[in-house]
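Structure data (mmCIF, C-alpha atoms) from final08.cif:
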```cif
data_input
#
loop_
_atom_site.group_PDB
_atom_site.id
_atom_site.type_symbol
_atom_site.label_atom_id
_atom_site.label_comp_id
_atom_site.auth_asym_id
_atom_site.auth_seq_id
_atom_site.Cartn_x
_atom_site.Cartn_y
_atom_site.Cartn_z
ATOM 1 C CA MET A 45 159.318 212.395 41.177
ATOM 2 C CA THR A 46 159.201 210.849 37.680
ATOM 3 C CA GLU A 47 159.533 213.992 35.558
ATOM 4 C CA LEU A 48 162.405 212.429 33.577
ATOM 5 C CA GLN A 49 160.802 209.025 32.985
ATOM 6 C CA GLY A 50 161.814 207.686 29.579
ATOM 7 C CA LYS A 51 164.868 209.953 29.338
ATOM 8 C CA THR A 52 168.498 208.830 29.140
ATOM 9 C CA ALA A 53 171.291 210.842 30.764
ATOM 10 C CA ILE A 54 175.082 210.689 30.504
ATOM 11 C CA ILE A 55 177.051 212.031 33.476
ATOM 12 C CA THR A 56 180.838 212.233 33.393
ATOM 13 C CA GLY A 57 182.887 212.081 36.580
ATOM 14 C CA ALA A 58 180.033 210.205 38.232
ATOM 15 C CA GLY A 59 182.063 207.969 40.513
ATOM 16 C CA GLN A 60 181.952 210.401 43.424
ATOM 17 C CA GLY A 61 181.130 213.944 44.484
ATOM 18 C CA VAL A 62 178.955 216.239 42.408
ATOM 19 C CA GLY A 63 178.732 213.820 39.474
ATOM 20 C CA GLN A 64 177.472 211.034 41.691
ATOM 21 C CA GLY A 65 174.971 213.345 43.373
ATOM 22 C CA ILE A 66 173.604 214.418 39.994
ATOM 23 C CA ALA A 67 173.411 210.815 38.774
ATOM 24 C CA LEU A 68 171.446 209.763 41.863
ATOM 25 C CA ALA A 69 169.007 212.649 41.502
ATOM 26 C CA LEU A 70 168.423 212.121 37.778
ATOM 27 C CA ALA A 71 167.793 208.421 38.379
ATOM 28 C CA ALA A 72 165.381 209.258 41.190
ATOM 29 C CA ALA A 73 163.548 211.518 38.730
ATOM 30 C CA GLY A 74 163.079 208.547 36.411
ATOM 31 C CA ALA A 75 165.971 208.834 33.949
ATOM 32 C CA ALA A 76 168.124 205.909 32.885
ATOM 33 C CA VAL A 77 171.654 207.055 33.651
ATOM 34 C CA VAL A 78 175.014 206.259 32.106
ATOM 35 C CA VAL A 79 177.652 206.978 34.724
ATOM 36 C CA ALA A 80 181.146 207.515 33.350
ATOM 37 C CA GLY A 81 184.538 207.912 34.990
ATOM 38 C CA ARG A 82 188.194 206.962 34.733
ATOM 39 C CA THR A 83 187.949 204.384 37.523
ATOM 40 C CA LEU A 84 185.465 201.667 36.600
ATOM 41 C CA GLY A 85 185.079 200.481 40.181
ATOM 42 C CA LYS A 86 183.861 203.901 41.316
ATOM 43 C CA VAL A 87 181.215 204.285 38.619
ATOM 44 C CA GLU A 88 180.143 200.683 39.141
ATOM 45 C CA SER A 89 179.509 201.567 42.783
ATOM 46 C CA THR A 90 177.372 204.515 41.682
ATOM 47 C CA ALA A 91 175.457 202.286 39.258
ATOM 48 C CA LYS A 92 174.839 199.665 41.942
ATOM 49 C CA LEU A 93 173.578 202.328 44.333
ATOM 50 C CA ILE A 94 171.139 203.576 41.690
ATOM 51 C CA GLU A 95 169.957 200.040 40.931
ATOM 52 C CA SER A 96 169.493 199.313 44.632
ATOM 53 C CA ARG A 97 166.993 202.188 44.656
ATOM 54 C CA GLY A 98 165.126 200.747 41.706
ATOM 55 C CA GLY A 99 166.722 202.870 38.989
ATOM 56 C CA LYS A 100 168.415 202.016 35.710
ATOM 57 C CA ALA A 101 172.138 202.591 35.325
ATOM 58 C CA LEU A 102 175.107 201.653 33.176
ATOM 59 C CA ALA A 103 178.710 202.133 34.314
ATOM 60 C CA VAL A 104 181.275 203.000 31.626
ATOM 61 C CA ALA A 105 185.018 203.487 32.076
ATOM 62 C CA CYS A 106 185.942 206.674 30.232
ATOM 63 C CA ASN A 107 188.910 209.018 30.125
ATOM 64 C CA VAL A 108 187.321 212.277 28.995
ATOM 65 C CA LYS A 109 190.668 213.441 27.573
ATOM 66 C CA ASP A 110 190.459 210.630 25.006
ATOM 67 C CA ALA A 111 188.250 211.386 21.989
ATOM 68 C CA ALA A 112 187.774 207.687 21.240
ATOM 69 C CA ASP A 113 186.591 207.048 24.790
ATOM 70 C CA LEU A 114 184.022 209.834 24.478
ATOM 71 C CA ALA A 115 182.658 208.408 21.226
ATOM 72 C CA ALA A 116 182.484 204.963 22.824
ATOM 73 C CA LEU A 117 180.640 206.417 25.814
ATOM 74 C CA VAL A 118 177.900 207.906 23.653
ATOM 75 C CA ALA A 119 177.653 204.681 21.635
ATOM 76 C CA ALA A 120 177.329 202.667 24.857
ATOM 77 C CA ALA A 121 174.496 204.911 26.016
ATOM 78 C CA GLN A 122 172.651 204.435 22.732
ATOM 79 C CA ASN A 123 173.219 200.680 22.739
ATOM 80 C CA ALA A 124 171.940 200.332 26.285
ATOM 81 C CA PHE A 125 169.018 202.766 26.305
ATOM 82 C CA GLY A 126 168.415 203.838 22.701
ATOM 83 C CA GLU A 127 168.804 207.615 22.921
ATOM 84 C CA VAL A 128 170.556 210.438 24.756
ATOM 85 C CA ASP A 129 168.345 213.195 26.162
ATOM 86 C CA ILE A 130 170.582 214.701 28.856
ATOM 87 C CA LEU A 131 174.330 215.272 29.000
ATOM 88 C CA VAL A 132 176.103 216.459 32.149
ATOM 89 C CA ASN A 133 179.732 217.474 31.563
ATOM 90 C CA ASN A 134 181.081 217.227 35.104
ATOM 91 C CA ALA A 135 184.525 215.579 34.919
ATOM 92 C CA GLN A 136 187.440 217.977 35.333
ATOM 93 C CA GLU A 137 191.096 217.820 36.273
ATOM 94 C CA VAL A 138 191.921 220.939 38.268
ATOM 95 C CA PRO A 139 195.096 222.935 37.468
ATOM 96 C CA GLN A 140 195.641 224.585 40.841
ATOM 97 C CA GLY A 141 198.298 227.007 41.993
ATOM 98 C CA LYS A 142 199.762 230.392 41.153
ATOM 99 C CA LEU A 143 200.614 231.012 37.517
ATOM 100 C CA LEU A 144 204.342 230.484 38.011
ATOM 101 C CA ASP A 145 203.668 227.154 39.726
ATOM 102 C CA VAL A 146 201.217 225.658 37.213
ATOM 103 C CA THR A 147 202.990 223.532 34.622
ATOM 104 C CA ASP A 148 202.069 223.360 30.975
ATOM 105 C CA GLU A 149 201.117 219.740 31.535
ATOM 106 C CA ALA A 150 198.697 220.587 34.360
ATOM 107 C CA PHE A 151 197.116 223.423 32.378
ATOM 108 C CA LEU A 152 196.711 221.237 29.305
ATOM 109 C CA ALA A 153 195.171 218.466 31.406
ATOM 110 C CA GLY A 154 192.673 220.978 32.772
ATOM 111 C CA PHE A 155 191.850 222.162 29.272
ATOM 112 C CA GLU A 156 191.587 218.669 27.776
ATOM 113 C CA SER A 157 189.411 217.311 30.583
ATOM 114 C CA GLY A 158 187.276 220.462 30.800
ATOM 115 C CA PRO A 159 186.444 222.613 27.767
ATOM 116 C CA LEU A 160 187.808 220.236 25.133
ATOM 117 C CA ALA A 161 185.945 217.229 26.534
ATOM 118 C CA THR A 162 182.815 219.369 26.923
ATOM 119 C CA PHE A 163 183.175 220.582 23.317
ATOM 120 C CA ARG A 164 183.601 217.047 22.008
ATOM 121 C CA LEU A 165 180.693 215.554 23.926
ATOM 122 C CA MET A 166 178.383 218.423 23.029
ATOM 123 C CA LYS A 167 179.090 217.773 19.344
ATOM 124 C CA LEU A 168 178.630 214.022 19.756
ATOM 125 C CA VAL A 169 175.186 214.271 21.343
ATOM 126 C CA GLN A 170 173.868 217.201 19.260
ATOM 127 C CA PRO A 171 172.680 215.144 16.255
ATOM 128 C CA ILE A 172 171.131 212.541 18.556
ATOM 129 C CA MET A 173 169.207 215.176 20.495
ATOM 130 C CA ALA A 174 168.201 217.021 17.340
ATOM 131 C CA ALA A 175 166.765 213.843 15.821
ATOM 132 C CA ARG A 176 164.912 213.177 19.066
ATOM 133 C CA GLY A 177 163.304 216.607 19.106
ATOM 134 C CA GLY A 178 165.493 218.213 21.758
ATOM 135 C CA GLY A 179 167.555 217.643 24.856
ATOM 136 C CA THR A 180 169.392 219.309 27.695
ATOM 137 C CA ILE A 181 173.141 219.781 28.157
ATOM 138 C CA ILE A 182 174.432 220.817 31.562
ATOM 139 C CA ASN A 183 178.042 222.035 31.745
ATOM 140 C CA LEU A 184 179.904 222.726 34.978
ATOM 141 C CA ALA A 185 181.769 225.933 35.653
ATOM 142 C CA SER A 186 182.953 227.518 38.893
ATOM 143 C CA SER A 187 182.634 230.772 40.794
ATOM 144 C CA ALA A 188 186.449 230.724 40.740
ATOM 145 C CA GLY A 189 186.045 232.418 37.363
ATOM 146 C CA ILE A 190 184.713 235.581 39.019
ATOM 147 C CA ARG A 191 186.663 235.533 42.284
ATOM 148 C CA TRP A 192 187.466 238.850 43.929
ATOM 149 C CA ASP A 193 191.075 237.634 44.239
ATOM 150 C CA MET A 194 192.235 235.352 41.420
ATOM 151 C CA THR A 195 195.554 234.534 43.120
ATOM 152 C CA GLY A 196 196.146 230.802 42.776
ATOM 153 C CA TYR A 197 193.051 230.227 40.643
ATOM 154 C CA GLY A 198 193.970 231.702 37.261
ATOM 155 C CA ALA A 199 194.524 228.468 35.318
ATOM 156 C CA TYR A 200 191.489 226.747 36.850
ATOM 157 C CA ALA A 201 189.275 229.778 36.264
ATOM 158 C CA ALA A 202 190.476 230.032 32.669
ATOM 159 C CA VAL A 203 189.360 226.530 31.733
ATOM 160 C CA LYS A 204 186.048 226.947 33.556
ATOM 161 C CA GLN A 205 185.295 230.266 31.881
ATOM 162 C CA ALA A 206 185.940 228.642 28.500
ATOM 163 C CA ILE A 207 183.193 226.147 29.308
ATOM 164 C CA ARG A 208 180.740 228.998 29.924
ATOM 165 C CA SER A 209 181.483 230.318 26.429
ATOM 166 C CA LEU A 210 180.705 226.913 24.931
ATOM 167 C CA THR A 211 177.396 226.915 26.789
ATOM 168 C CA ARG A 212 176.408 230.275 25.345
ATOM 169 C CA ALA A 213 177.375 229.191 21.828
ATOM 170 C CA GLY A 214 175.528 225.883 22.065
ATOM 171 C CA ALA A 215 172.407 227.570 23.364
ATOM 172 C CA ALA A 216 172.480 230.119 20.541
ATOM 173 C CA GLU A 217 173.266 227.671 17.741
ATOM 174 C CA TRP A 218 171.022 224.761 18.746
ATOM 175 C CA GLY A 219 168.048 226.455 20.339
ATOM 176 C CA ARG A 220 165.872 226.083 17.241
ATOM 177 C CA GLU A 221 166.349 222.317 17.582
ATOM 178 C CA ASN A 222 165.009 222.523 21.140
ATOM 179 C CA ILE A 223 168.423 221.713 22.601
ATOM 180 C CA ARG A 224 168.969 223.709 25.766
ATOM 181 C CA VAL A 225 172.486 224.282 27.092
ATOM 182 C CA LEU A 226 173.074 225.525 30.633
ATOM 183 C CA THR A 227 175.959 225.998 33.020
ATOM 184 C CA ILE A 228 175.849 225.390 36.754
ATOM 185 C CA ALA A 229 178.464 226.644 39.213
ATOM 186 C CA PRO A 230 177.973 224.629 42.399
ATOM 187 C CA HIS A 231 179.375 224.715 45.904
ATOM 188 C CA ALA A 232 178.973 221.180 47.189
ATOM 189 C CA GLU A 233 180.270 218.741 49.786
ATOM 190 C CA SER A 234 182.583 217.074 47.273
ATOM 191 C CA PRO A 235 185.924 215.380 47.981
ATOM 192 C CA GLY A 236 187.632 218.259 46.149
ATOM 193 C CA LEU A 237 186.050 220.903 48.355
ATOM 194 C CA LYS A 238 186.824 218.929 51.490
ATOM 195 C CA TRP A 239 190.476 218.715 50.402
ATOM 196 C CA TRP A 240 190.552 222.468 49.794
ATOM 197 C CA VAL A 241 189.060 223.226 53.203
ATOM 198 C CA GLU A 242 191.590 220.983 54.944
ATOM 199 C CA ASN A 243 194.514 222.566 53.102
ATOM 200 C CA ASN A 244 193.321 226.191 53.219
ATOM 201 C CA PRO A 245 191.508 226.522 56.562
ATOM 202 C CA GLU A 246 191.779 230.298 56.954
ATOM 203 C CA GLU A 247 190.758 231.036 53.369
ATOM 204 C CA ALA A 248 187.945 228.487 53.660
ATOM 205 C CA ALA A 249 186.586 230.096 56.818
ATOM 206 C CA ALA A 250 186.540 233.492 55.122
ATOM 207 C CA PHE A 251 184.919 231.955 52.045
ATOM 208 C CA PHE A 252 182.109 230.328 54.025
ATOM 209 C CA ARG A 253 181.267 233.672 55.612
ATOM 210 C CA THR A 254 180.429 235.012 52.139
ATOM 211 C CA ILE A 255 177.665 232.425 51.555
ATOM 212 C CA PRO A 256 174.315 234.005 52.508
ATOM 213 C CA LEU A 257 172.654 230.658 53.258
ATOM 214 C CA GLY A 258 175.564 229.810 55.527
ATOM 215 C CA ARG A 259 176.239 226.273 54.322
ATOM 216 C CA ILE A 260 177.662 224.158 51.514
ATOM 217 C CA GLY A 261 175.249 222.377 49.200
ATOM 218 C CA LYS A 262 174.436 218.699 49.590
ATOM 219 C CA LEU A 263 175.471 216.618 46.613
ATOM 220 C CA GLU A 264 172.187 214.954 45.737
ATOM 221 C CA GLU A 265 169.592 217.030 47.557
ATOM 222 C CA ASP A 266 170.821 220.513 46.607
ATOM 223 C CA ILE A 267 172.896 220.092 43.454
ATOM 224 C CA GLY A 268 171.500 216.913 41.917
ATOM 225 C CA ARG A 269 167.848 217.822 42.370
ATOM 226 C CA ALA A 270 168.461 221.291 40.960
ATOM 227 C CA VAL A 271 169.929 219.695 37.835
ATOM 228 C CA ALA A 272 166.933 217.357 37.597
ATOM 229 C CA ALA A 273 164.643 220.387 37.756
ATOM 230 C CA LEU A 274 166.673 222.183 35.070
ATOM 231 C CA CYS A 275 166.219 219.165 32.794
ATOM 232 C CA GLY A 276 162.471 219.046 33.335
ATOM 233 C CA SER A 277 159.601 220.628 31.421
ATOM 234 C CA ASP A 278 158.898 223.360 33.975
ATOM 235 C CA LEU A 279 162.148 225.120 33.028
ATOM 236 C CA SER A 280 162.001 224.432 29.302
ATOM 237 C CA TYR A 281 162.319 228.140 28.428
ATOM 238 C CA LEU A 282 165.654 228.514 30.205
ATOM 239 C CA THR A 283 168.857 228.216 28.177
ATOM 240 C CA GLY A 284 172.292 229.807 27.815
ATOM 241 C CA ALA A 285 172.476 230.826 31.478
ATOM 242 C CA THR A 286 174.932 230.180 34.282
ATOM 243 C CA ILE A 287 173.084 229.119 37.419
ATOM 244 C CA PRO A 288 175.137 229.586 40.615
ATOM 245 C CA LEU A 289 174.084 226.741 42.906
ATOM 246 C CA ASP A 290 176.090 228.241 45.738
ATOM 247 C CA GLY A 291 173.793 229.520 48.453
ATOM 248 C CA GLY A 292 173.847 233.036 46.990
ATOM 249 C CA GLN A 293 177.620 233.531 47.151
ATOM 250 C CA ALA A 294 178.379 234.397 43.518
ATOM 251 C CA ASN A 295 176.892 236.803 41.014
ATOM 252 C CA PHE A 296 177.391 235.902 37.357
ATOM 253 C CA ASP A 297 175.435 238.866 35.981
#
```
Could you write out this structure as structure tokens?
Amino acid sequence: MTELQGKTAIITGAGQGVGQGIALALAAAGAAVVVAGRTLGKVESTAKLIESRGGKALAVACNVKDAADLAALVAAAQNAFGEVDILVNNAQEVPQGKLLDVTDEAFLAGFESGPLATFRLMKLVQPIMAARGGGTIINLASSAGIRWDMTGYGAYAAVKQAIRSLTRAGAAEWGRENIRVLTIAPHAESPGLKWWVENNPEEAAAFFRTIPLGRIGKLEEDIGRAVAALCGSDLSYLTGATIPLDGGQANFD
């Protein structure tokens, strides 16, 4: 598949998990990918894996809570590949726990790494995409935002729901420039999910029973390839939506 040939994508949090799966799939679809993360060694491993498959990749160390790092990331993408056509805002620190247990520091870290970083990067790439005639921004949310029982997920859900609002605003404000903004809410075999399953076995077992397809999504095959499809021309009339890549578990209507 070479649907994204000639495109350049930035993926944050691409050193492992969902971000890495998306980076691999976008590269397989022909895009040059800029893989960003706090730990340079991890994103370098992702870049080497992409290059070993014949793709183009650049690894960039980036703390998404740092505005200067975000500006440098976009500049590095332009210097390496000329333009930015796709942005995937994946990186996120997770403020977990009941409200009385979540500290201000943890909540702020979740906000700064999630909606604030998403907000900043969206604004950084908007003029580049507009000048190029369009682009696609993919933001990551979570079905935690619409859980039947929000106990222990309030702070995390709050930052993720804020990201969905930014998606809707970006889609509405930039649609005439052919910039599409979408949210995905994936269930995937990420290190974070594996940790949650190990630490919440009973809740996890009950959760899995609510997934109609009966399994968790594969990082590259299920989540990454779906993102590649969303960035392609066949879905060019889709914007502003939240797509639950979760085997049918959630309903964002």
Query raised in the report: On this structure, which residues satisfy the PyMOL selection byres ((chain A and resi 181) around 10), written as a ChimeraX atom specification?
Result: /A:53-54,129-133,162,165-166,169-170,173,179-180,182-183,211,214-215,223-227,274-275,283
Selection above as a file: C-alpha atoms, as a CSV table (one decimal), keeping the file's coordinate frame:
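Output saved as result-v9.csv:
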```csv
chain,number,residue,atom,x,y,z
A,53,ALA,CA,171.3,210.8,30.8
A,54,ILE,CA,175.1,210.7,30.5
A,129,ASP,CA,168.3,213.2,26.2
A,130,ILE,CA,170.6,214.7,28.9
A,131,LEU,CA,174.3,215.3,29.0
A,132,VAL,CA,176.1,216.5,32.1
A,133,ASN,CA,179.7,217.5,31.6
A,162,THR,CA,182.8,219.4,26.9
A,165,LEU,CA,180.7,215.6,23.9
A,166,MET,CA,178.4,218.4,23.0
A,169,VAL,CA,175.2,214.3,21.3
A,170,GLN,CA,173.9,217.2,19.3
A,173,MET,CA,169.2,215.2,20.5
A,179,GLY,CA,167.6,217.6,24.9
A,180,THR,CA,169.4,219.3,27.7
A,182,ILE,CA,174.4,220.8,31.6
A,183,ASN,CA,178.0,222.0,31.7
A,211,THR,CA,177.4,226.9,26.8
A,214,GLY,CA,175.5,225.9,22.1
A,215,ALA,CA,172.4,227.6,23.4
A,223,ILE,CA,168.4,221.7,22.6
A,224,ARG,CA,169.0,223.7,25.8
A,225,VAL,CA,172.5,224.3,27.1
A,226,LEU,CA,173.1,225.5,30.6
A,227,THR,CA,176.0,226.0,33.0
A,274,LEU,CA,166.7,222.2,35.1
A,275,CYS,CA,166.2,219.2,32.8
A,283,THR,CA,168.9,228.2,28.2
```
Query raised in the report: Which value, in Å to one decimal, gives the distance between CA of Gln136 (chain A) and CA of Tyr200 (chain A)?
Result: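 These atoms are spaced 9.8 Å apart.
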Up to 8 Å from (183.2, 231.4, 38.1) in the file's coordinates: name the residues, counting only C-alpha atoms, as a PDB file with C-alpha atoms, keeping the file's coordinate frame.
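To be explicit, this is the file written out as part-v2.pdb:
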```
ATOM      1  CA  ALA A 185     181.769 225.933  35.653  1.00  0.00           C
ATOM      2  CA  SER A 186     182.953 227.518  38.893  1.00  0.00           C
ATOM      3  CA  SER A 187     182.634 230.772  40.794  1.00  0.00           C
ATOM      4  CA  ALA A 188     186.449 230.724  40.740  1.00  0.00           C
ATOM      5  CA  GLY A 189     186.045 232.418  37.363  1.00  0.00           C
ATOM      6  CA  ILE A 190     184.713 235.581  39.019  1.00  0.00           C
ATOM      7  CA  ARG A 191     186.663 235.533  42.284  1.00  0.00           C
ATOM      8  CA  ALA A 201     189.275 229.778  36.264  1.00  0.00           C
ATOM      9  CA  LYS A 204     186.048 226.947  33.556  1.00  0.00           C
ATOM     10  CA  GLN A 205     185.295 230.266  31.881  1.00  0.00           C
ATOM     11  CA  ALA A 229     178.464 226.644  39.213  1.00  0.00           C
ATOM     12  CA  ALA A 294     178.379 234.397  43.518  1.00  0.00           C
ATOM     13  CA  PHE A 296     177.391 235.902  37.357  1.00  0.00           C
TER      14      PHE A 296
END
```
Report task. May I have the residues within 8 Å of Asn134 (chain A) as a PyMOL selection string, using all atoms listed in the file and disregarding those fewer than 2 positions away in the same chain? Result -> chain A and resi 55-58+62-63+132+136+183-184
Report task. Please identify all polymer residues within 12 Å of Ala153 (chain A), counting all atoms listed in the file, omitting same-chain residues fewer than 6 positions from it, and present them as number ranges by chain. Result -> A: 107-110, 135-140, 146-147, 159-161, 199-200, 203
Using only C-alpha atoms, which protein or nucleic acid residues come within 12 Å of Phe125 (chain A)? Drop anything in the same chain fewer than 2 positions from it, and give the result as a short mmCIF file (atom, residue, chain, number, x, y, z; two decimals) with C-alpha atoms, in the frame of the given file.
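Contents of selection-v3.cif, as written:
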```cif
data_model
loop_
_atom_site.label_atom_id
_atom_site.label_comp_id
_atom_site.auth_asym_id
_atom_site.auth_seq_id
_atom_site.Cartn_x
_atom_site.Cartn_y
_atom_site.Cartn_z
CA GLY A 50 161.81 207.69 29.58
CA LYS A 51 164.87 209.95 29.34
CA THR A 52 168.50 208.83 29.14
CA ALA A 53 171.29 210.84 30.76
CA ILE A 54 175.08 210.69 30.50
CA ALA A 75 165.97 208.83 33.95
CA ALA A 76 168.12 205.91 32.88
CA VAL A 77 171.65 207.06 33.65
CA VAL A 78 175.01 206.26 32.11
CA LYS A 100 168.42 202.02 35.71
CA ALA A 101 172.14 202.59 35.33
CA LEU A 102 175.11 201.65 33.18
CA VAL A 118 177.90 207.91 23.65
CA ALA A 119 177.65 204.68 21.64
CA ALA A 120 177.33 202.67 24.86
CA ALA A 121 174.50 204.91 26.02
CA GLN A 122 172.65 204.44 22.73
CA ASN A 123 173.22 200.68 22.74
CA GLU A 127 168.80 207.62 22.92
CA VAL A 128 170.56 210.44 24.76
CA ASP A 129 168.34 213.20 26.16
#
```
